[in-house]
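For reference, upload-v9.csv is printed below; it contains CSV, C-alpha atoms and all ligand atoms.
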chain,number,residue,atom,x,y,z
C,1,MET,CA,16.5,110.0,120.8
C,2,LYS,CA,14.8,108.1,123.6
C,3,ASP,CA,11.1,108.1,123.8
C,4,SER,CA,9.0,108.0,127.1
C,5,PHE,CA,9.2,104.2,127.1
C,6,GLY,CA,13.0,104.0,126.7
C,7,ARG,CA,12.9,103.0,123.0
C,8,ASN,CA,15.7,104.4,120.9
C,9,ILE,CA,14.2,106.3,117.9
C,10,ASN,CA,16.7,106.3,115.1
C,11,TYR,CA,14.7,105.5,112.0
C,12,LEU,CA,12.7,108.0,109.8
C,13,ARG,CA,10.4,107.0,107.0
C,14,ILE,CA,9.7,109.8,104.6
C,15,ALA,CA,6.6,109.6,102.3
C,16,VAL,CA,7.8,111.9,99.5
C,17,THR,CA,4.4,111.8,97.7
C,18,ASP,CA,0.9,110.5,98.2
C,19,LEU,CA,0.6,109.8,94.5
C,20,CYS,CA,1.0,106.4,93.0
C,21,ASN,CA,1.0,104.7,89.6
C,22,LEU,CA,-0.7,101.6,91.0
C,23,ARG,CA,-3.8,101.1,93.1
C,24,CYS,CA,-3.1,98.2,95.4
C,25,ARG,CA,-6.3,96.9,97.0
C,26,TYR,CA,-4.9,96.8,100.5
C,27,CYS,CA,-3.3,100.2,100.3
C,28,MET,CA,-5.9,102.6,98.9
C,29,PRO,CA,-9.6,102.7,98.0
C,30,LYS,CA,-10.5,102.0,94.4
C,31,GLU,CA,-11.3,105.7,93.8
C,32,GLY,CA,-7.9,106.7,95.2
C,33,VAL,CA,-7.5,109.2,98.0
C,34,GLU,CA,-8.4,112.8,98.0
C,35,LEU,CA,-5.6,114.6,96.4
C,36,LYS,CA,-3.7,117.2,98.5
C,37,ARG,CA,-3.3,120.7,97.2
C,38,HIS,CA,0.1,121.2,95.7
C,39,ASP,CA,1.0,123.8,98.4
C,40,ASP,CA,0.2,121.3,101.1
C,41,ILE,CA,2.9,118.9,99.9
C,42,LEU,CA,6.3,119.6,101.4
C,43,SER,CA,8.9,120.9,99.0
C,44,TYR,CA,12.2,119.1,98.7
C,45,GLU,CA,13.9,121.8,100.6
C,46,GLU,CA,11.5,121.3,103.5
C,47,ILE,CA,12.0,117.6,103.5
C,48,ILE,CA,15.8,118.0,103.4
C,49,GLU,CA,15.5,120.4,106.4
C,50,VAL,CA,13.5,117.8,108.4
C,51,ALA,CA,16.0,115.0,107.5
C,52,LYS,CA,19.0,117.2,108.5
C,53,CYS,CA,17.3,118.0,111.8
C,54,ALA,CA,16.3,114.4,112.4
C,55,VAL,CA,19.9,113.2,111.9
C,56,LYS,CA,21.2,115.9,114.2
C,57,LEU,CA,18.8,114.6,116.9
C,58,GLY,CA,19.9,110.9,116.4
C,59,ILE,CA,18.2,109.5,113.3
C,60,LYS,CA,20.6,107.1,111.5
C,61,LYS,CA,18.4,105.3,109.1
C,62,VAL,CA,16.2,107.0,106.5
C,63,ARG,CA,13.7,105.4,104.1
C,64,LEU,CA,12.0,107.1,101.2
C,65,THR,CA,8.6,105.8,100.5
C,66,GLY,CA,5.2,107.1,99.4
C,67,GLY,CA,2.8,106.7,97.5
C,68,GLU,CA,5.3,105.7,94.9
C,69,PRO,CA,8.5,107.7,95.5
C,70,LEU,CA,9.7,107.3,91.8
C,71,VAL,CA,6.6,109.2,90.5
C,72,ARG,CA,7.6,112.5,92.2
C,73,ALA,CA,9.5,114.8,89.7
C,74,ASN,CA,13.2,115.2,90.3
C,75,ILE,CA,13.4,112.4,92.9
C,76,LEU,CA,17.0,112.0,92.1
C,77,TYR,CA,17.7,115.5,93.5
C,78,LEU,CA,16.1,114.6,96.8
C,79,VAL,CA,18.1,111.3,97.0
C,80,GLU,CA,21.3,113.1,96.3
C,81,GLN,CA,20.7,115.8,98.9
C,82,ILE,CA,19.7,113.3,101.6
C,83,ALA,CA,22.6,111.0,100.8
C,84,LYS,CA,25.0,114.0,101.4
C,85,ILE,CA,23.8,114.4,105.0
C,86,PRO,CA,26.6,113.0,107.2
C,87,GLY,CA,25.4,110.5,109.9
C,88,ILE,CA,22.9,108.5,107.8
C,89,ASN,CA,24.3,104.9,107.8
C,90,ASP,CA,21.3,103.4,105.9
C,91,LEU,CA,19.5,105.2,103.1
C,92,ALA,CA,16.8,103.0,101.5
C,93,MET,CA,13.8,103.3,99.3
C,94,THR,CA,10.6,101.3,99.2
C,95,THR,CA,9.2,101.2,95.7
C,96,ASN,CA,6.7,99.2,93.7
C,97,GLY,CA,9.6,98.6,91.2
C,98,THR,CA,7.6,99.5,88.1
C,99,LEU,CA,9.9,102.4,87.3
C,100,LEU,CA,13.2,100.9,88.6
C,101,LYS,CA,14.4,99.8,85.2
C,102,GLN,CA,14.6,103.5,84.2
C,103,TYR,CA,15.8,104.8,87.6
C,104,ALA,CA,18.0,102.2,89.3
C,105,ALA,CA,21.4,103.3,87.9
C,106,ASP,CA,20.8,107.0,88.6
C,107,LEU,CA,19.5,106.2,92.1
C,108,LYS,CA,22.7,104.3,92.8
C,109,LYS,CA,24.7,107.2,91.5
C,110,ALA,CA,22.7,109.7,93.5
C,111,GLY,CA,23.8,107.8,96.7
C,112,LEU,CA,20.9,105.5,97.5
C,113,HIS,CA,22.1,102.4,99.3
C,114,ARG,CA,19.4,99.9,98.7
C,115,VAL,CA,15.8,99.2,97.7
C,116,ASN,CA,12.9,97.2,98.9
C,117,VAL,CA,10.7,96.2,96.1
C,118,SER,CA,7.0,95.4,96.7
C,119,LEU,CA,5.9,92.3,94.9
C,120,ASP,CA,2.9,90.2,96.0
C,121,SER,CA,2.6,87.7,93.2
C,122,LEU,CA,4.6,86.1,90.4
C,123,ARG,CA,1.5,85.4,88.4
C,124,ASP,CA,0.6,88.1,85.8
C,125,ASP,CA,-3.1,87.8,86.5
C,126,ARG,CA,-2.8,88.0,90.2
C,127,TYR,CA,-0.4,90.9,90.1
C,128,TYR,CA,-2.7,92.7,87.8
C,129,GLN,CA,-5.6,92.1,90.1
C,130,ILE,CA,-4.0,93.0,93.4
C,131,THR,CA,-2.5,96.2,92.0
C,132,ARG,CA,-5.6,97.1,89.9
C,133,GLY,CA,-3.8,97.2,86.6
C,134,GLY,CA,-0.1,96.7,87.2
C,135,ASN,CA,2.2,94.8,84.8
C,136,LEU,CA,4.4,92.1,86.5
C,137,LYS,CA,7.1,92.3,83.8
C,138,ASP,CA,7.8,96.0,84.7
C,139,VAL,CA,8.7,94.9,88.3
C,140,GLN,CA,10.7,92.0,87.2
C,141,ASP,CA,12.7,94.2,84.9
C,142,GLY,CA,13.1,96.8,87.6
C,143,LEU,CA,14.3,94.2,90.1
C,144,GLU,CA,16.9,92.9,87.6
C,145,GLU,CA,18.2,96.4,87.0
C,146,ALA,CA,18.4,97.1,90.7
C,147,ILE,CA,20.5,93.9,91.2
C,148,ARG,CA,22.7,94.8,88.2
C,149,VAL,CA,23.6,98.3,89.6
C,150,GLY,CA,24.1,97.0,93.1
C,151,LEU,CA,21.3,98.6,95.1
C,152,GLN,CA,22.0,95.8,97.7
C,153,PRO,CA,20.9,94.3,99.9
C,154,ILE,CA,17.6,94.1,98.1
C,155,LYS,CA,14.5,92.9,99.7
C,156,ILE,CA,11.2,91.8,98.1
C,157,ASN,CA,8.3,92.9,100.3
C,158,MET,CA,5.4,90.5,99.9
C,159,VAL,CA,2.1,91.3,101.6
C,160,VAL,CA,0.6,87.9,102.3
C,161,ILE,CA,-3.1,87.6,102.0
C,162,ALA,CA,-5.2,84.6,103.0
C,163,ASP,CA,-6.9,82.9,100.1
C,164,PHE,CA,-5.1,85.1,97.6
C,165,ASN,CA,-1.4,84.6,97.5
C,166,GLU,CA,-0.4,82.6,100.5
C,167,ASP,CA,0.1,79.6,98.3
C,168,GLU,CA,3.0,81.6,96.6
C,169,VAL,CA,5.2,82.1,99.6
C,170,ASN,CA,7.5,79.2,98.9
C,171,GLN,CA,7.7,80.1,95.2
C,172,MET,CA,8.6,83.7,96.2
C,173,ILE,CA,11.4,82.4,98.5
C,174,LYS,CA,12.8,80.3,95.6
C,175,PHE,CA,12.5,83.2,93.1
C,176,ALA,CA,14.4,85.5,95.6
C,177,ARG,CA,17.0,82.9,96.2
C,178,ILE,CA,17.7,82.5,92.5
C,179,LEU,CA,18.1,86.3,92.2
C,180,GLY,CA,20.2,86.5,95.4
C,181,VAL,CA,17.8,88.9,97.1
C,182,LYS,CA,16.0,88.7,100.5
C,183,THR,CA,12.3,88.4,101.2
C,184,GLN,CA,10.2,90.1,103.8
C,185,PHE,CA,6.7,88.8,104.4
C,186,ILE,CA,4.3,91.4,105.6
C,187,LYS,CA,1.0,90.9,107.4
C,188,LYS,CA,-1.8,92.7,105.7
C,189,MET,CA,-2.8,95.4,108.1
C,190,ASP,CA,-6.1,97.3,108.4
C,191,LEU,CA,-5.3,100.7,109.8
C,192,HIS,CA,-8.9,101.4,110.5
C,193,LEU,CA,-9.4,98.3,112.7
C,194,PRO,CA,-7.9,98.0,116.2
C,195,LYS,CA,-4.3,96.7,116.0
C,196,THR,CA,-4.0,93.1,117.0
C,197,HIS,CA,-1.0,92.5,119.2
C,198,ASP,CA,-0.8,88.8,118.4
C,199,HIS,CA,2.2,86.7,118.0
C,200,HIS,CA,2.7,86.2,114.3
C,201,ILE,CA,5.2,84.7,111.8
C,202,PHE,CA,5.6,87.8,109.8
C,203,ASP,CA,8.8,90.0,109.4
C,204,ARG,CA,6.7,93.1,109.6
C,205,PRO,CA,5.3,95.1,111.3
C,206,PRO,CA,7.7,94.9,114.2
C,207,LYS,CA,6.3,94.7,117.6
C,208,CYS,CA,5.6,97.9,119.4
C,209,ASN,CA,8.2,97.2,122.1
C,210,ASP,CA,11.0,97.3,119.5
C,211,CYS,CA,9.6,100.2,117.4
C,212,ASN,CA,12.3,102.7,116.5
C,213,ARG,CA,10.3,104.7,113.9
C,214,LEU,CA,9.0,108.1,113.1
C,215,ARG,CA,7.0,108.7,109.9
C,216,LEU,CA,6.8,111.9,107.9
C,217,THR,CA,3.8,112.3,105.5
C,218,ALA,CA,4.0,114.0,102.2
C,219,ASP,CA,1.9,116.9,103.6
C,220,GLY,CA,4.4,117.5,106.5
C,221,LYS,CA,2.9,115.7,109.5
C,222,LEU,CA,5.1,113.6,111.7
C,223,LYS,CA,3.4,110.4,112.8
C,224,PRO,CA,4.9,108.8,115.9
C,225,CYS,CA,2.9,105.6,115.3
C,226,LEU,CA,1.3,104.0,112.3
C,227,PHE,CA,-1.7,102.8,114.3
C,228,SER,CA,-2.6,106.2,115.8
C,229,ASP,CA,-4.1,109.5,114.6
C,230,ILE,CA,-1.5,111.6,116.5
C,231,GLU,CA,0.2,113.9,114.0
C,232,ILE,CA,2.6,116.8,114.5
C,233,SER,CA,3.0,119.5,111.8
C,234,VAL,CA,6.6,120.3,110.9
C,235,ARG,CA,5.3,123.5,109.3
C,236,GLU,CA,3.6,124.7,112.4
C,237,LEU,CA,6.3,123.9,114.9
C,238,GLY,CA,9.4,123.9,112.8
C,239,ALA,CA,11.4,120.6,112.2
C,240,GLU,CA,13.3,120.4,115.5
C,241,GLU,CA,10.3,121.0,117.8
C,242,ALA,CA,8.1,118.8,115.8
C,243,ILE,CA,10.5,115.9,115.9
C,244,LYS,CA,11.0,116.3,119.7
C,245,LYS,CA,7.3,116.5,120.2
C,246,ALA,CA,6.6,113.4,118.0
C,247,VAL,CA,9.1,111.4,119.9
C,248,SER,CA,7.7,112.5,123.3
C,249,LEU,CA,4.1,111.6,122.1
C,250,LYS,CA,5.0,108.2,120.8
C,251,PRO,CA,2.5,105.8,122.3
C,252,GLN,CA,3.6,102.7,124.1
C,253,ALA,CA,1.5,100.6,121.6
C,254,GLY,CA,-0.6,101.3,118.5
C,255,THR,CA,-4.3,101.2,118.5
C,256,VAL,CA,-6.1,102.4,115.4
C,257,CYS,CA,-5.6,105.0,112.7
C,258,ASN,CA,-8.8,106.5,111.3
C,259,GLU,CA,-7.7,109.5,109.5
C,260,ARG,CA,-5.3,108.2,106.8
C,261,GLU,CA,-4.9,105.5,104.2
C,262,MET,CA,-1.7,103.5,103.9
C,263,VAL,CA,-0.8,105.2,100.6
C,264,GLU,CA,-0.5,108.5,102.5
C,265,ILE,CA,1.7,107.2,105.3
C,266,GLY,CA,4.1,105.0,103.3
C,267,GLY,CA,3.7,101.7,105.1
L,1,LIG,N1,4.7,102.4,96.5
L,1,LIG,C1,5.8,101.9,97.3
L,1,LIG,C2,5.6,100.4,97.4
L,1,LIG,O1,4.5,99.9,97.1
L,1,LIG,O2,6.6,99.7,97.7
L,1,LIG,C3,6.0,102.5,98.6
L,1,LIG,C4,4.8,102.8,99.5
L,1,LIG,S1,3.9,101.4,100.0
L,1,LIG,C5,2.6,102.2,101.0
L,1,LIG,C6,5.0,100.7,101.3
L,1,LIG,C7,4.8,99.3,101.7
L,1,LIG,O3,3.6,99.3,102.4
L,1,LIG,C8,4.7,98.3,100.5
L,1,LIG,O4,5.6,97.3,100.7
L,1,LIG,C9,3.2,97.9,100.6
L,1,LIG,O5,3.1,96.5,100.2
L,1,LIG,C10,2.9,98.0,102.1
L,1,LIG,N2,1.5,98.1,102.4
L,1,LIG,C11,0.6,98.9,101.9
L,1,LIG,N3,-0.6,98.7,102.4
L,1,LIG,C12,-0.5,97.7,103.3
L,1,LIG,C13,-1.4,97.1,104.2
L,1,LIG,N4,-2.6,97.3,104.2
L,1,LIG,N5,-0.8,96.1,105.0
L,1,LIG,C14,0.5,95.8,105.0
L,1,LIG,N6,1.4,96.4,104.2
L,1,LIG,C15,0.9,97.4,103.3
L,2,LIG,FE1,1.0,102.4,95.4
L,2,LIG,FE2,2.7,101.1,97.0
L,2,LIG,FE3,0.2,101.6,97.8
L,2,LIG,FE4,0.6,99.8,95.9
L,2,LIG,S1,1.4,99.7,98.0
L,2,LIG,S2,-0.9,101.4,95.9
L,2,LIG,S3,2.3,100.7,94.9
L,2,LIG,S4,1.7,103.1,97.4

Kindly present the structure from the file in C-alpha cells form.
Amino acid sequence: MKDSFGRNINYLRIAVTDLCNLRCRYCMPKEGVELKRHDDILSYEEIIEVAKCAVKLGIKKVRLTGGEPLVRANILYLVEQIAKIPGINDLAMTTNGTLLKQYAADLKKAGLHRVNVSLDSLRDDRYYQITRGGNLKDVQDGLEEAIRVGLQPIKINMVVIADFNEDEVNQMIKFARILGVKTQFIKKMDLHLPKTHDHHIFDRPPKCNDCNRLRLTADGKLKPCLFSDIEISVRELGAEEAIKKAVSLKPQAGTVCNEREMVEIGG
C-alpha cells in the first residue's frame, strides 16, 4: 500500500493488550493507565480479521506487542492463527522477556519467527528501578530460552536514558555479542512533547521519510503515526476500510500524541 507521500506501508504492529506485568518509568505513569472495559478490547477473532485484511492489502511484516503480549490469555492461539496467514514473511514479537522462559518453546512451535527483548540494564538494582519492580534474572532466563529454541534473529531493545544507563551501552553490546544476539538502541521518546526531527545515533525510531508502519491498539484503533492523535476505529469502519483510511491519513511527519501512553500503543 502506498500512502499519500509515496511510502510503502507493509508493516503492522499489533498491541494485543494494554496490560503489563512491569511499570517501566518511560512507558506508563506510576499509577498505570486507565483500564479499558473488557468489551472494548478486540477479541482474537477481530485481531485475526484485521491481520488477514492487512496482508491482503500488502502488509508483509507483523509484530505483536502491547502492553506485555505474553500476559494476554491464550496468546499462543493468536500467534498460531496469525502465523497461518499466507503472505507474512516476518512475524515477530516485542516482549519484556520476563515470561519467555515459560513461553519461548511454545511460541516457536506456534510459528513465531523471532523476538525482540526489552532490556535496559544489566544491573539488578537499575533494572528493578526502571521497571518499578522487575527481576533481571527473569529476563536473562527468558533470553537464554529464546536463544535455545531458535527464535532468531533476536534483538535486545535498550532504551538509552541520559544519566541513567548510557554508561552501560558498551557492556550491553558485549553481553549481546557473547549471546550471539543483536542490539537495538532506542531513543527515549516523550509522546506528549513535540517530536524532534533531529539527526541522532539511535536505531529507532526510524525517520518519518522511511516510515512503513501502521499500529493497531488493543481497543481497535489504527494509528497511522505514533506521534499523532489520528485514530481510525476498525469496529466502526470494518477492517478493510479502516486500513485504507489509516494509510490515506498517514501524516508526512509526526508531531505529538496527547491521547495515549506508550503502553497502549506498543512502542
Ligand atoms: N512490553 C513489551 C516490551 O517492553 O518489550 C512490548 C511493549 S513496549 C511498549 C515496546 C517497546 O517500546 C519496548 O522496547 C519499550 O522499551 C519501548 N518503549 C516504551 N516506552 C518508550 C519510550 N518512552 N521511548 C522509547 N521507547 C519506549
Ligand atoms: Fe510494560 Fe513494555 Fe511498557 Fe515496560 S515497556 S511498562 S514492559 S509495556

Nearby residues, ligand LIG 2 (chain L), 10 Å, all atoms listed in the file, as a count of residues only: 43

Closest to Lys2 of chain C among C:Thr217, C:Gly58, C:Tyr77, C:Leu70, using only C-alpha atoms? C:Gly58

Need to verify the contact set: Met189 of chain C, 9 Å, all atoms listed in the file, exclusion of same-chain residues closer than 3 positions in sequence. Can you return it as an NGL selection string? :C and (26 or 186 or 192-193 or 195 or 205)

Residues just named, written with C-alpha atoms as a PDB file, keeping the file's coordinate frame:
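Generated file (result.pdb):
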ATOM      1  CA  TYR C  26      -4.900  96.800 100.500  1.00  0.00           C
ATOM      2  CA  ILE C 186       4.300  91.400 105.600  1.00  0.00           C
ATOM      3  CA  HIS C 192      -8.900 101.400 110.500  1.00  0.00           C
ATOM      4  CA  LEU C 193      -9.400  98.300 112.700  1.00  0.00           C
ATOM      5  CA  LYS C 195      -4.300  96.700 116.000  1.00  0.00           C
ATOM      6  CA  PRO C 205       5.300  95.100 111.300  1.00  0.00           C
TER       7      PRO C 205
END

For Lys155 of chain C, list every protein, DNA or RNA residue within 9 Å, evaluated using only C-alpha atoms, and leave out those in the same chain fewer than 4 positions away; present the list as a ChimeraX atom specification. /C:114-118,176,181-184

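Using only C-alpha atoms and all ligand atoms, the nearest neighbour of ligand LIG 1 (chain L) within the list C:Asp90, C:Asp190, C:Glu166, C:Glu49 is C:Asp190.
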
Between atom CA of Lys36 of chain C and atom CA of Leu57 of chain C, what distance in Å does the model show, to one decimal? 29.2 Å

Which residue gives the smallest distance to ligand LIG 1 (chain L) among C:Arg13, C:Lys108, C:Lys84, C:Lys174, with all atoms listed in the file counted? C:Arg13

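The smallest atom-to-atom distance between Arg215 of chain C and any of C:Lys101, C:His38, C:Lys61, C:Lys188, using only C-alpha atoms, is found for C:Lys61.
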
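Taking atom CA of Asp138 of chain C and atom CA of Asp167 of chain C as the two end points, the separation is 22.7 Å.
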
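The coordinates place atom CA of Glu46 of chain C at 10.9 Å from atom CA of Val16 of chain C.
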
Contact residues around Ala104 of chain C with only C-alpha atoms at 8 Å, ignoring same-chain residues under 5 positions, as a JSON list (two decimals) with C-alpha atoms, in the coordinates of the input:
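Okay, selection.json is ready:
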[["chain", "number", "residue", "atom", "x", "y", "z"],
["C", 142, "GLY", "CA", 13.10, 96.80, 87.60],
["C", 145, "GLU", "CA", 18.20, 96.40, 87.00],
["C", 146, "ALA", "CA", 18.40, 97.10, 90.70],
["C", 149, "VAL", "CA", 23.60, 98.30, 89.60],
["C", 151, "LEU", "CA", 21.30, 98.60, 95.10]]

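Between ligand LIG 1 (chain L) and the candidates C:Leu35, C:Leu64, C:Leu12, C:Leu76, the tightest atom-to-atom separation, counting all atoms listed in the file, involves C:Leu64.
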
Go through C:Ser248, C:Ser121, C:Thr255, C:Asn170 one by one, measure the shortest atom-to-atom distance of each to ligand LIG 1 (chain L) using only C-alpha atoms and all ligand atoms, and give the residue with the smallest value. C:Ser121

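Residues in contact with Ile178 of chain C at up to 12 Å, not including ones fewer than 6 positions away on its chain and judged by all atoms listed in the file, are Glu144, Ile147, Gln171 and Met172 of chain C.
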